[in-house]
Structure formats: C-alpha cells, structure tokens
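Participant: One structure, pasted below without further comment.
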Protein chains: 8
Amino acid sequence: MESEITVAIVEEASREWKEYSKCDVVIVGAGPSGLTAGKYLAERGYKTLIFERRLSFGGGIGGGGMLFHKIVVEKDVANILQEFGITYTERGDLLVCDAAELMAKLATGCIDAGAKIIHGITVDDVIFREDPLRITGVCIQWSAVELSGLHVDPIFVESRAVIDATGHDAEVISVATRKVPIDLIVPGERSAYSEVAEKELIEKTGMIVKGLYATGMAVAAVHNLPRMGPIFGGMLVSGKKVAEIVAQDLSKDR
Amino acid sequence: MESEITVAIVEEASREWKEYSKCDVVIVGAGPSGLTAGKYLAERGYKTLIFERRLSFGGGIGGGGMLFHKIVVEKDVANILQEFGITYTERGDLLVCDAAELMAKLATGCIDAGAKIIHGITVDDVIFREDPLRITGVCIQWSAVELSGLHVDPIFVESRAVIDATGHDAEVISVATRKVPIDLIVPGERSAYSEVAEKELIEKTGMIVKGLYATGMAVAAVHNLPRMGPIFGGMLVSGKKVAEIVAQDLSKDR
Amino acid sequence: MESEITVAIVEEASREWKEYSKCDVVIVGAGPSGLTAGKYLAERGYKTLIFERRLSFGGGIGGGGMLFHKIVVEKDVANILQEFGITYTERGDLLVCDAAELMAKLATGCIDAGAKIIHGITVDDVIFREDPLRITGVCIQWSAVELSGLHVDPIFVESRAVIDATGHDAEVISVATRKVPIDLIVPGERSAYSEVAEKELIEKTGMIVKGLYATGMAVAAVHNLPRMGPIFGGMLVSGKKVAEIVAQDLSKDR
Amino acid sequence: MESEITVAIVEEASREWKEYSKCDVVIVGAGPSGLTAGKYLAERGYKTLIFERRLSFGGGIGGGGMLFHKIVVEKDVANILQEFGITYTERGDLLVCDAAELMAKLATGCIDAGAKIIHGITVDDVIFREDPLRITGVCIQWSAVELSGLHVDPIFVESRAVIDATGHDAEVISVATRKVPIDLIVPGERSAYSEVAEKELIEKTGMIVKGLYATGMAVAAVHNLPRMGPIFGGMLVSGKKVAEIVAQDLSKDR
Amino acid sequence: MESEITVAIVEEASREWKEYSKCDVVIVGAGPSGLTAGKYLAERGYKTLIFERRLSFGGGIGGGGMLFHKIVVEKDVANILQEFGITYTERGDLLVCDAAELMAKLATGCIDAGAKIIHGITVDDVIFREDPLRITGVCIQWSAVELSGLHVDPIFVESRAVIDATGHDAEVISVATRKVPIDLIVPGERSAYSEVAEKELIEKTGMIVKGLYATGMAVAAVHNLPRMGPIFGGMLVSGKKVAEIVAQDLSKDR
Amino acid sequence: MESEITVAIVEEASREWKEYSKCDVVIVGAGPSGLTAGKYLAERGYKTLIFERRLSFGGGIGGGGMLFHKIVVEKDVANILQEFGITYTERGDLLVCDAAELMAKLATGCIDAGAKIIHGITVDDVIFREDPLRITGVCIQWSAVELSGLHVDPIFVESRAVIDATGHDAEVISVATRKVPIDLIVPGERSAYSEVAEKELIEKTGMIVKGLYATGMAVAAVHNLPRMGPIFGGMLVSGKKVAEIVAQDLSKDR
Amino acid sequence: MESEITVAIVEEASREWKEYSKCDVVIVGAGPSGLTAGKYLAERGYKTLIFERRLSFGGGIGGGGMLFHKIVVEKDVANILQEFGITYTERGDLLVCDAAELMAKLATGCIDAGAKIIHGITVDDVIFREDPLRITGVCIQWSAVELSGLHVDPIFVESRAVIDATGHDAEVISVATRKVPIDLIVPGERSAYSEVAEKELIEKTGMIVKGLYATGMAVAAVHNLPRMGPIFGGMLVSGKKVAEIVAQDLSKDR
Amino acid sequence: MESEITVAIVEEASREWKEYSKCDVVIVGAGPSGLTAGKYLAERGYKTLIFERRLSFGGGIGGGGMLFHKIVVEKDVANILQEFGITYTERGDLLVCDAAELMAKLATGCIDAGAKIIHGITVDDVIFREDPLRITGVCIQWSAVELSGLHVDPIFVESRAVIDATGHDAEVISVATRKVPIDLIVPGERSAYSEVAEKELIEKTGMIVKGLYATGMAVAAVHNLPRMGPIFGGMLVSGKKVAEIVAQDLSKDR
C-alpha cells in the first residue's frame, strides 16, 4: 500500500506542477493582501497561483498585536470581512477580529474561489524580457533548500502577471530592482502613522513595471509610506484593489 | 488613533484570557487531529480552547508528502471531509486532497463550530491534583519566550479535560509522565506500516489518565504504534473519536 | 486557585497597559540615565513610563569596569548619589560606588518617585506626525519576540515626550533618522577621553526633534562625543538634566 | 585621568575580593529567595556574599507571569513585603505586586542590610572536606568565561555555609551530588499544584549536607515538590527561613 | 522557453519517482561500498536504486587520508579496481589510488551498469511487515528538509531488499533496531587495527534481518569490528560480496 | 602495518604537491564548466590542476532543478555529451540528462584526459606580478581551515593560467578585483532569461586580465548576464571554449 | 619564488611526518603535564612526539586563575621551575608564577630537550593489538577537520607508548575505554580539595593499560580525584613522574 | 588553603594591573612582530606591556603553511633567529624553521628581556588627546566578555606609545581611523607577491600618528602592500625596526 500512496501523491502534485508551469497570475505570499487578491482574481476566472515561503498561511496575522490575539480593521472594511464570512466586534470606528478566524477564513475564501496555493516555496528571482522591459514569471525554490544552505538551481513558472504580496521586505520587487534594470530603489517603510498609512497604501497599490505589481505592505516599502501596526484593513482593501487592476490589465492583453 | 488601537486589542484579548482561564476542554496543538476534535467538541457546546505553539495552523499538513503538496486519506473518511467541505479526488481506495485546502478548512470548520484558537502559546506543563490523581489544566507560556531562551514564569489555564494533539512527541503526556506520578513511559512510534497504523491508532485513541486524553500521532507515540506517512485519515477519525469520548466523560461529571 | 492567579495577573497588568497607552513621557532604557530621568520626572508629577528591553535594570552598570564590581563618578555628583541614598568611598576627586548598590538604588529611587517600569519590551519604532514634524509615541514589542525571530506586529503607546536612554546605540533616535525625515545622522561615539566626554555629554543633553530627547550615552552617539569608560557621573547628571528640559517643555504645552 | 580610574576600580574591587575570600555565608543566586536570605543574614551580622551569574538582579521576577508584569503572593506574606517596603494591591486572598518594584526593593533591602552582591560570577563547583563530609566553599568563574567557551581555571571562596538559591536547577546541589559523595539525587520539580507547592516548599527549606543549604525553587528541585508558577510568596518565606536556620547553625559553631 | 524547461524536468523526474516507487533493491549511501554493490547488482539485472543524503558521491573518499588526496587498498583488490578502470601505484603489498579518480570511477561504473542514483535524499525510517518480521522498503525525505528543521512527512519506496551502506553510523540499521522489534543493538566500531578490520569486515558482510543487509563500515558498526582508516579495499570487497548475497536471496524469492 | 599506510599516503600526496607547485593551468572549481575545461586542456597536454573547495564533484549539478534529479541542455550540445559518454533523452529542442550521470561522467572524462583534481582546497587569493599586470598563480588553503575559523597562512601554487570556474560568485575574479589593481567590478548575474543567457555566456567566455580567465556562471557574474536555471548546456560549451582560448594563449608564450 | 616556499615547507614537513610515523612516545596534549613529560623523555633520548589540538601551547595556563594572570605552585616544586628557568615569587608555602612565562618556558624547555611538537592535530582514536591487549599508537586528524564537521579518514602514528595529557576529559583514555575492551570507566574528577588533590594526583600517575599512560588532570579524571584549581605544581610533578615510569618500561622492552 | 591561593593570585595580579596602568609602551598582539618588538623594547629598559586577545602566543605561527608545521624566512634574518636561539635548516636562500620552536622561543626571548605579557585581553579602543592629536593609551576588555556578548565597560591603560601588532586586520589603527579624526583609511593588504611584500613591509614600518605605530601585517593592511604567505622574516625584521623607532621617539620626549 505504501508505494501506492507515493504514486498518488507524486502523480497528483506533478500534474499540477506541469499545469501551473504557465499561468495568468503568480501571487507571492499568502498573507492578508495576497489571499485577498487571490480570491478576487480567481473569482474572475484567472488561473491564479500563490506561492508561500512557509508551510502555513497568514503572514503576520497569527501574532495579532504584540501576541494579543486580536486584529483591528477600520469600519469601512466591513464588506470585505463579510464577503469572507469573518465575524467582528464593533468598538467606535474600529472593528476587532479574532486573529485565528481572520487567518483561516481568508485562506478558505481564497481557495474556494479557485486559487491554487503551494506552500514551502520561495521565489528567489524573476524572469524578464526586454524591449519593452517586462516581468514574465518567477524562479522558485523549495524554502527547505534556502534554509538548508544547499546550492540547488531553481525552476521556473511563467505568468502574465506577478504580484508581490511579501510584506515589509517587498522581496520580489527588491530582487527585480537589483537584477533587472528597473529604475527604482526600495526605500522601505517609514515610522508609524496609522491613519495616513492606511489611506496612502491603498492609493499607491498597483503596477511597478509591466507584469509586476505590489500589494499590502510591499506597497509601503516601495513608496516609503508610514507603517500601520496591527490594523489590517488596508491590507485587505489593497489586495482587492490590486486584483481589480491586474484583471483590467490582463483583459486588455487578451 | 494609535492608542485606541492598543486599547481595543488589549481589552478584547485580555477579556478572553480571563474568560478562558477556566474552560471545559483544552486541546494542545492545532494540527489535523486537534482541529477535528475542536470542531466536534465545540459543536456539542463545550467551551473549547486550542493552544497552538506556532503562529499558524495545520501541524504537518502544509508540507504534504515530502513537499509534494498533496495528502492522502482512505476512502471511508470521505464523510469527515464532507462535513468540513473539503474536496478530493478518488484514486482506487485512496482519496487525494490538496494540502492547502485541507489545512484551511479544518481550521475554518473548527472555528465556525465555536472553538477558540490562540496561537503562539506553548504548553510546558500540566496542573494536577491527587487522591485521585487527575489532570486539571495546563501551564502556558508564549512560544516566543521559549524560543528566546528567556526565563519567565508561565501562567495557568484550568480545564476539565486536556487533549494532547501535539503529534509525534506527545508533548503534554510526556511531561506528565516525567513530572506527575503517572505509571507510563512514552516509547515513541515505530517504523512505517501504513495500513496497520491507521487502524490501531483509531482503536487506541482515548484517555491516558483522568483528565488527560491522546489523539492523532500522540496516540502512536504513547502506544508504540507504527507510523503512517502522508496518509492523514487516521488523524481525522482519531480527532472525531476523542471528541466523542471526552464529551461522554464530561457529561458524566456534570 | 491557579485560574485565580491567572485572572489577578492578567487583570492588573492589562489595566495598566490600557492606562499607560497614553502618557506624558516614555523613557526607553532602564540604565543609569533613564532611571535618573525617571525619578526626577515622576517627582514632578508627570505620568512616566520606562520600557526596558531586558528583564532587569541597570544597563552596563552590572559589569562594573571590565567586570571589576566598582563604578567611579566625579566628586560633584555626590548630591545625586545622596538623593538616591547611594553610598560611596572618596579617592581624591573620584567617588567609588559599588555596582550592585548603584543599580539597585537607582531603580528603587525611580519607582518610589512614581515612575512605572515595564521589562521585556523593545521599542522598535516611533510614531510621528507631520507639519510640524514631531514624535508622538513609540511602537513596542516583546523582546522575546525580537529574540525569537518570529514576525509579529507591534502595538503602540502614545506620549508627549520620548526620551532615548538606550546607550551607545541611540536606538530610538537611530530608527527615527532612518524612518522619519529627521535631517540627522547618528555618527556614534569617538574613542576615549574621559574628562572631555563627561563635560560635553552634559552640555549636549536635550531635544533632538520635537517630542524626542537624548540622554546618557545616546547623547555621545548623536553628537560624536568621546566615550568615557566606567565613570558614570555624566550619566546621572545627564538624566537629571533631560528631566528638567522635558518638564519645562511639557509645562509650556499645557 | 584614565589610569586613575583604572587604579581606583581595580584597587577597590581587589580589596574586596581578598576580604571576601573567606566569609560566613555564600549565597548563590540573587533571585527572590537569595536576596531575602541575604537581608536577614546580613541583619544578624554575618559576613554574607551573594554571587549572581547574570549582570542583574531578580531571577525570574522580571518576566512576571508570562510577561504580564505582575507577581502574586499570598496574604500572609504581607509582613515580609512591608519589611522591604514593597507596595501591593489586595485581591481576595492574593496580594498583587509590581514585578519591577519587587525586584528593585528586594535588592535594595538586601544591600542596605549589609550583604555584598557580586554580579557576573558563576559558581561551577564546591569545595569539600571529609570526615565528616562537609561543604566549605565554592569554586567561581566569570560567567563571561563560561559563555565564551574558553578554558580557564576557577578561583576559590571559602565559607562556613553555602546556600543554593539558584532556582529550578539547584545548580550547586546538583554539582555536589555528582562530584562529592553526597547520597542524594536531584529529581527536579513536579507539575503545577500551587497551593501545596507553597506550603511544602517552606517546610522542606533547610540543610542538605553539613555546610550546604537549599532555598526557593532549589528546594522544590531537591525534594520533588510541585511547581507554583508566578506566585512568589513561598520564595520570600523560604529565603527568610533558610536565613534563620543558617544563623542558628553558625551560632552553634562559634 | 522557461516553462518548457520546468515541464521537461518535472515530467522526467516524476516519471522515474513513480517507476522506482517499487524496486528490487534500495541501497542507502553512495560511498565506496554502496557504489560497488550497485554496480554488481545492476549488472545482474536487478532494478537498483541508490539514495544519497548529500548532493554528491563518494562518502569519505574525497578527503583521502587526513586530507592527503590518496587512498590505499590491499593488493588482492586489484581486480575490482580493474573492473572499474581505476589506476593505481604499487608500494609493496599496498596499492595507492588517487582519491578523485576512485570517487569518479566508482560512480561512473555503477551508473553504466544500470543503477539509478538520486541525490539529496535522506532515508529516515524503514517500512516493515510482521509474521515473519521483514523490511520491505524505506521512508525518504529531502535532505534539505532535514537540514532546515521543517516538519514534513516522508514518502515511501518499497523494495525487496534494503542495503545499509551509510558507513560508521549504520543509520538504517540503527533506526530499525530502535523502531522495529529487531533483537539487536548497534555497538559501533572499535579502535584501529587495520589488518584484522579488513578481514573481519568482509566475513561479516551480509543480512541483518530478512530484507535488510549491511555493507562497508556499517558492518563494522553492527559487529563491533575495529576501524581501518584510509585503507578502502575492504569497502570494495564488502560491496561486491553483499551484491552477491542479495542477488542469491532475491533469486530464491522469485 | 598502520605506519606503512601513513607513509604511503603522505609520500604519494606530498610528491604530487611538489610536482604541481608549478603547473600550466590551475582551474578553480570542479563544477560543469571547470571539469569540461579540464578535459580539453589536459587532452592538449597541458599540466592541469583543478582545486575544488568541497570534497566532491559537480557544483550545482547534484541538486538538478529544484531537487528534481534532471538537467536540461540544448540540442546542439549533444556532441559534448557524446564525447563524455553521457546519455540523454530528447524532448523537442531540449535534451534531458540524469544529474548523477552527468556529474560522474564529467569527472571521469576529465580525469581520464589527464587532469589532476584535488578536493578540499579553497583558493583564497591570487599571486600577481606588475609591469605588465598579470596573474601568476593562486594562494590555497584547506577548506577545513576556512570552515573552522582557524587563522592559518596559505601556501602557493604558481601557474601560467588561472581559470575561475567557481560559478555565481566568481570568487577568484572577485578577490582579484579587490586586491589587485584590475579595473573591474563584478556586478553579479541578472534575473532569468534562459535563451539569451546561454548565448551571451558563451560569447563572453574568455580572458579577464593576463593570466586570469572566466568560464561558466563566473562569466555571467563578471558581465552581468541573465541567469539561466537548470539548463546546463552553456556551462559545457563555455568550458570547452575557455580551454581553447587558454591553449592558444599558452602556445603563444612558449 | 612562491613555489619554492611551497616546496620547502611541504618537503620539510612531510619528511618529518614520515620520520615520526613510528616513534617511541606519543604525548597527547601540550599543556603543563605534557610539556613537562616531553622534556624529561626527550632528555633521556626517546623519540618523543607531542600532538596538540590547538595551534598553541599551554592548555589552561594562559587564563591563570579566573583570568588573573598568575599561577600558584607549592614550595617543593621549585626545582622543576628552576630546571625550566621559570621565575617565581614566594608567599609562605606558595610560589607564584606569571602565567605567560610559565607557558613559554615549559614549551621552550621541552623543545630544547629534543621533543617534537605538532600543533593543530586531534587524536581521535587509538591503535590496539590483542593477546595481550596493548595500545600501539594513535589515529590523528587535523583539528580543522574536526571543527569543520567534514567527514575525512584519519591517518596513523605508531608508538611504543602513548601518554594521555589531555586534562580534565582524559580524551585518549576515554576513547579507549569505549572502543577497546579495557575494563575501566572514566568517572571524572571530584569537587575541589586542593591539598589532597595535589598529593593523590602524583601518587596515581602512571600506566592505565600496556602502552597507555595518564598524567596531569587526566589522572584525576580516571581515578576520581578532587580538582585543585589554579595551583599547578601537581601537573609538573606528574609530568616528570610519568616520564620516569615510561622511560623505565621502554628500557625493559629493548 | 584554597582562600590563600585566591588571595595570592588576586594580590599579585592586581598589583601588576595597578603598576601597569601607566607604562611606556603597549603592544597589541603577541604574534611574531609583537613579540620581537617586545624583546627589543624591553631590552632597552622601556616598561613594555603586551596584550594578547587569545590565551596563547604566536598569532598565525602555529598553523605553519596550510598546517604543514614549518615556516620559512629569508637568509638575511638569520641574526634575529640567532638572538632568540631559534634553530633552522638552510635551503638555498630560504631558512626553514619549526613552527612550534619559533613560537615558543619568540615568547621566551621577549619575556626574558623583561616585557610583560597579559593574555585574554582585547583592546577595543584607544585613548586620545587633541591639539595636537595623539594616542595616549588603550581601552581594554576581557576577550571572554567580547566573546560572550555581554555588555560591560572597559577599563584603561595609559602609555606613551601604542604599537598595533594585530596582523591583517590592523585592529587598533582601524578603530582609530573610525573613532578619532585621523585622516587615514585602512585599505587592507593586496594579493600575494612575496618578494616585494617582504621588502616594502619593512620600509613602511613606523608611526601612523603621534603615539600610534604599526608593525608586521598591520603595516601591509595600512599601506595596501601585497601579502606574503608563510614566509615570516619580514615580521621579525619589522618588529625589530618598530622597536628602534619607538625607542628613538620616546627618548626624545624625555
């Protein structure tokens, strides 16, 4: 029976690896903005693949605010919470959610919409083309290989759009600014100013270079916006907004 | 605005810490068996609290089988998958699930049933009483403290039942065998024999000592059963079974 | 009884967390200058909160001079020692104190004056406002989280003044120069020249930008002053002086 | 001026090293029980030397209960708190103290009574004599040397009594059971049972072998008592009790 | 083009993973004895799969003797060297080979004979059956996962024979003695006695329990033989001998 | 017998160390391009010495593509594969090789052509002469010394040509640009663009400064070319090309 | 010129490696007892080789007593100090030496007497023969290899006597008790009792099994003697005594 | 007796600490150039103190050339070798010494001339004065403290001259260029060119800024000279030369 288990697992997984070697959208990072973007892109019918470095979901959600297991969003994000079926408590202009529930339901909502999530994968570079300059996919590696320090070549996934949802480090955009001639530096986020941060982060969400988009805290890193702390509404709205922008761009290219 | 965020988070979280300082059931570990047990206990109306050492869900699910992102269960577990809304592909006697979906939906199902999950908490000891010997709760610590090597005292949560769903190491039961006079050693699991492992694991699921129960791979560790590899049906059935046993025991004590 | 202990601790601590989510002064670092500043600010009635990264007091005091358990101050600091009840031996122009006594009594004096000290907290960023640029509080994190490498969002404490008493690294000012547009670089301290160092350090103690102040070795780091070694008089005088400056500035804003 | 600082520090410190190369009592560990014992022994006029491994005071006090900055003691310990000038809040049978205040004032009280505390020293072995077997002092090393992994010989301090106040590990007693023919094993503490733990810990405080005494959690480790969590009354009472026992034994030997 | 590379690699590799999920012989370790055994088994037509923990060949060959890049074998092993096309220099009764050449040609000879080698795979357990007790395959994991400390389930490879060629630690046999009820302990090798070691190692090469065989230094570990140092003739002869024994046993079972 | 083994090994190895203290070509790195260059240089009769940092062959070959054990080359590299006796499968314009076979046969082919490979040696600097500036050899160290952090002086090997085949880091050229006045910076490789990468890498293979040459991924690092992933044809062609260029340059100098 | 340096160094060193592949005495450890033994054996004309794990002399001498740079010996060791030309100060029954001088002159005296010292070599095993059981040499490895974690075979040095002068761990004797059937366990040293320790250590110095001898703290480890701290007279006397015993035994075998 | 040992060691060591708190010359580093300089300065009657970071002598000597235990010097350095009583073998223009002997006798010669060496001390900064800028001493710390990561203040030693003999890193000069306004950068050494390196190193030996001198490889680091490998003649000549220069400068100041 053991070898049948092996064959079942290898066959199903490698079938999907081949199927997804080319897709519409690759989202890097299964945190709040990545999962939100995944849901709204998959709902529109785009073949959407999310790579997550860790073997789990949620980015910084699980630690709540300084390990207190609650997350805050602003009142006008209630509709997104509702679309994911996430409960909340009202406190003035703030909605308080449970960290565990937020994390679980963002993932479930994203998967139910049809997005594919693969864990344990680190995106360590992009694929590019010139004239005009554009990003056409990603180089991927097992996170286990990165952690182990072994020297192993990556393989490739091609996609029409790549969304950097890796958070504070804007990892994909950072590597692109170093290794592709994009005329951009990533200054990182500024100190805390929650109110302004939420507003500007949503405004600045969008395309970095043809084929490459920023969402969530990666936007703050690229545009030097203030940080916001354990208030996550901006993440969700930014994820939804990048999904709309990418969808519009992809529909033009068809 | 920033101090309002702090107040909202601290107040909501500390209110729950006080509320849950006494509960019906503490489940240690938010892996497949713990989440399954959580759902079926909460559904029966027990005040159920799950502590998870990491800032995420799923135990070993996220890595699939040797990082191939698929998990296998046996055919007769289809009903549990359906109760959680998890999709699968049939291959002979095996059902193949997506690791990401399994992980997300076990968590969502458990939370929707009313169980409370708190991440980032390590259970490092139990509370006990004598005459007769029984386990009456757990000592908890931030996992961050454990990882940092700082020396900090734990606090307590009292509960009528404690379920060890920590997997291969049976951490709670192990500490109890060393530090409470339970006449038991934890021999650990044996080598692989998938078929037998699944069957015996379900049979042996249950009480270790009054107040303390084993589910999932902790059962294999305690009873020296074979290991089973990336076939998770036994985990789910064991989680459901331990929920039934605990519920029955608690109903007697009322 | 165990759950009552939990409730007592969580309730008292979270009550203070809420009470101190807004305060008059946040001092970062419970070393010699921070504790001295704390005493003189609290005595004047300001709601003063000291965050200390470690689970103890005293900064570099405990190691004396190259582990020899004695600390030296200059003769004219005798009055501050007396206000804290610290004994000393005279040797020419130098007063020699016991490291352990100095450490204990600075803390006791500060607490008895009414300052609140919370251990195990790392300040990892500031809160700011613009037009005019000012610092309005700090982002805080458990030090255990920093040490553990976990990724968790901080929470906030708002305050009318923030004092950087973190020593050689001037951690708060350093983060502010990188992440808030303060036109300043932190060059670090120079080589040793004890006499000049003590004198200039006291002179340069004071405001860096509206809402943010430097005391102790952080002053040396910001103004590129010489280091002074195991002679701590300058620390104490600088702490007292920053307290006076902050008190004056706060009284104007009322 | 710099060489004068060096001479002042080296002279004062080495004078005390010589003075204390023989003393009445060596207490190992400057946590709650060690500091309490130090105060009551020094008050009685015994030449008392406390070695602390770290460069600070307080053992596990600084982390409060799971980092919540409060400590609990039982009502009948109020008198010791008062003797040290420590404030508290009453909650039923429990008194709640601030961790920072408790830590600072235990140290200050101990020093004001005349005990000498030297930080940064690890006791890595004992001195013994035979016929009859007795402990006559300790081998000491800079903690920095221990941490650095360098191989350096210790030096010695002789004393009429050695008190192990090192907490859970009972380090001094443990080394003595391995390296001196004391007929004893150190089983370690048991799981949590706060009420019983407090009571038994005080009862069992006392002599291990001629010249060697246990106080605080070291008592629990030696006598396999339950642990008690962030309730510290037993520590203080045990420290006071061991001081009385040692004083009585030393007075007999005169 | 990049996605075609991905598809080509995934398809070819996963095809072989499925093909080799059941095979005749699994050899663990691509050092001198494992590669020699592989050649002679594959030449006889057995479907032979070698798992090597590292991303390279040769076990301890590459370091020669204390990094001097030469290896010694005894004169009567000349025939095996010749069958692999390895050159040597005669010095009395000793033949001296170049370490690099020995390593490269053992691997080439083994592969040309038809054995399949997969690198970067750690065998972390065996599969077993009872009545009668026998080993029927191995549990495998990416070495990168082991090194990274991630918690991921292994997958399985079933085989009619498993050969432990892991060297001094006899890793496969060691795990089997701990986790399968084989009545055996692995005492490890003894100190050096080259002449006796070579002779006894060859004599003791063979079956440990039905389905599990030892070759090379694993034989010394299991049978407590002396070690031999940088003289590798025994390794090669042992590899050839175990191939003959396994071939004979497998031919009986047909 | 044991001392005879020591004498045989030390004598043979030190004889070669002396013989190769001066040689025609030193190749640094026994990966795909270095081994290929080694074969074609040795075939032409040049005294060729390859230093490999690790105790094994193959550079990044062993990990295949993201641990899938296959390597791809372009169709027109078939002739080099054939010259090394490496088998392959055709898939359109791509040839798929087995990673283990590629690694073993490159090494065997290189050694059979007469090149000497010494493992466990790190090249940590070059030897140079001025007027005109030229590289005349390398400084070498045991890799074990580098890894251990011990401080030990290197020894020297002089050679008429040095080839940097160290891969992505272009280690030899990097050290030369820092420590010899070569007017060059090593910008590193760019993001992925497999097709262009293969073509340009071959074109740019060649001399960096008199006496120093680049091959394989070191070429990409020096000339800021795109990376190519698990497609290794360019490596082999580059290795063959650098051999031809070096041979031509050396023949001129005779 | 650089290759001539290489040839000179390799030739001289490898000549000695061959010359010393068989010798009269191998001393393991160049600390106080090993260097003393080396002097007195070499003076008697025995071919004496000392292996030292580190790249320096002196064992624990360099750290003095708790880093205070002085070492104490008892009055009656004055003659050995004088034979090495080491100066001292008298303090009652104690002689105080400078740590640096003691270290340098022990080495110089040992070398001038004709002993050969090779640094950076770890003895990781012994060579043995049976009927009767005897130790006939050692297995050696570069310490750099040990520290680096690389897996490399040792080479051998045969000798008529092996002296374990490795200090507290008695490394050679410990390995022999585990890997050769010597009927002995190494219990380690006891707590401190300086006077008794010095006396017993000298008495127990001598043969462990035919061919293997203990000196210095290795004697204390084998015979469970008390430790003595920074008083080194016993080391020197023990080194001289073991030299006499070995010389006598070797003279009998001639 | 044990407390007498403590008193003897503390008293003798602290007496010297006070005596040497002001001296003529501080040499940092007890490698070949520092020990040579120490001998020739002490011989001239200057109060000379050498601080060595490690607990041993010799800098890079102990590892010989790539662990081959021999060191080479040029013929014209024979006189210095003879002054230290070091034996050698002639090979053409090169003299070959034994690494162990060279190390031991440099130290012995230096100590016999009257220099004081203290081990285990790291110089982590300098003392300076302005108008004119000059170096007037060093800040020192136990190396154990540096290695342990503890935060402890240094103490001071004042001296009329400081010699940086720390080797490749020129640690003292490097810290001075960063922390004192010396108009200098430390470019580090260049690649290997032994002949030129030896010659230029001796020429450039001398003063860096008033009160601060360079010798040995620190000269190469400051003046960007080529490195020389395991040929140490330049070290010895440079040490002798710096002694002469410092002696001359100090004699002028009298």
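FYI, nothing fancy with the structure tokens labels: chains A, B, ... in order, residues from 1 per chain, ligands from 1 as they appear.
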Counting only C-alpha atoms, a student should be able to say which residues of chain H come within 8 Å of chain D; what is the right answer, written as a PyMOL selection string?
Facilitator: chain H and resi 2-3+5-7+10-11+14+17-18+21-22+144-145+147-148+150+155-158
Participant: For range 36-47 of chain C, find every residue with an atom within 10 Å (counting only C-alpha atoms), except residues of its own chain fewer than 3 positions away, and show them as a PyMOL selection string.
Facilitator: chain C and resi 20+22-27+30-33+50+80+84+106-117+159+163+165+215-216+235-247+250-251
Participant: Going by DSSP on the backbone, which bits of range 142-224 of chain H are alpha helix (DSSP H)? Write them as an NGL selection string, please.
Facilitator: :H and (143-148 or 171-179 or 194-204 or 217-223)
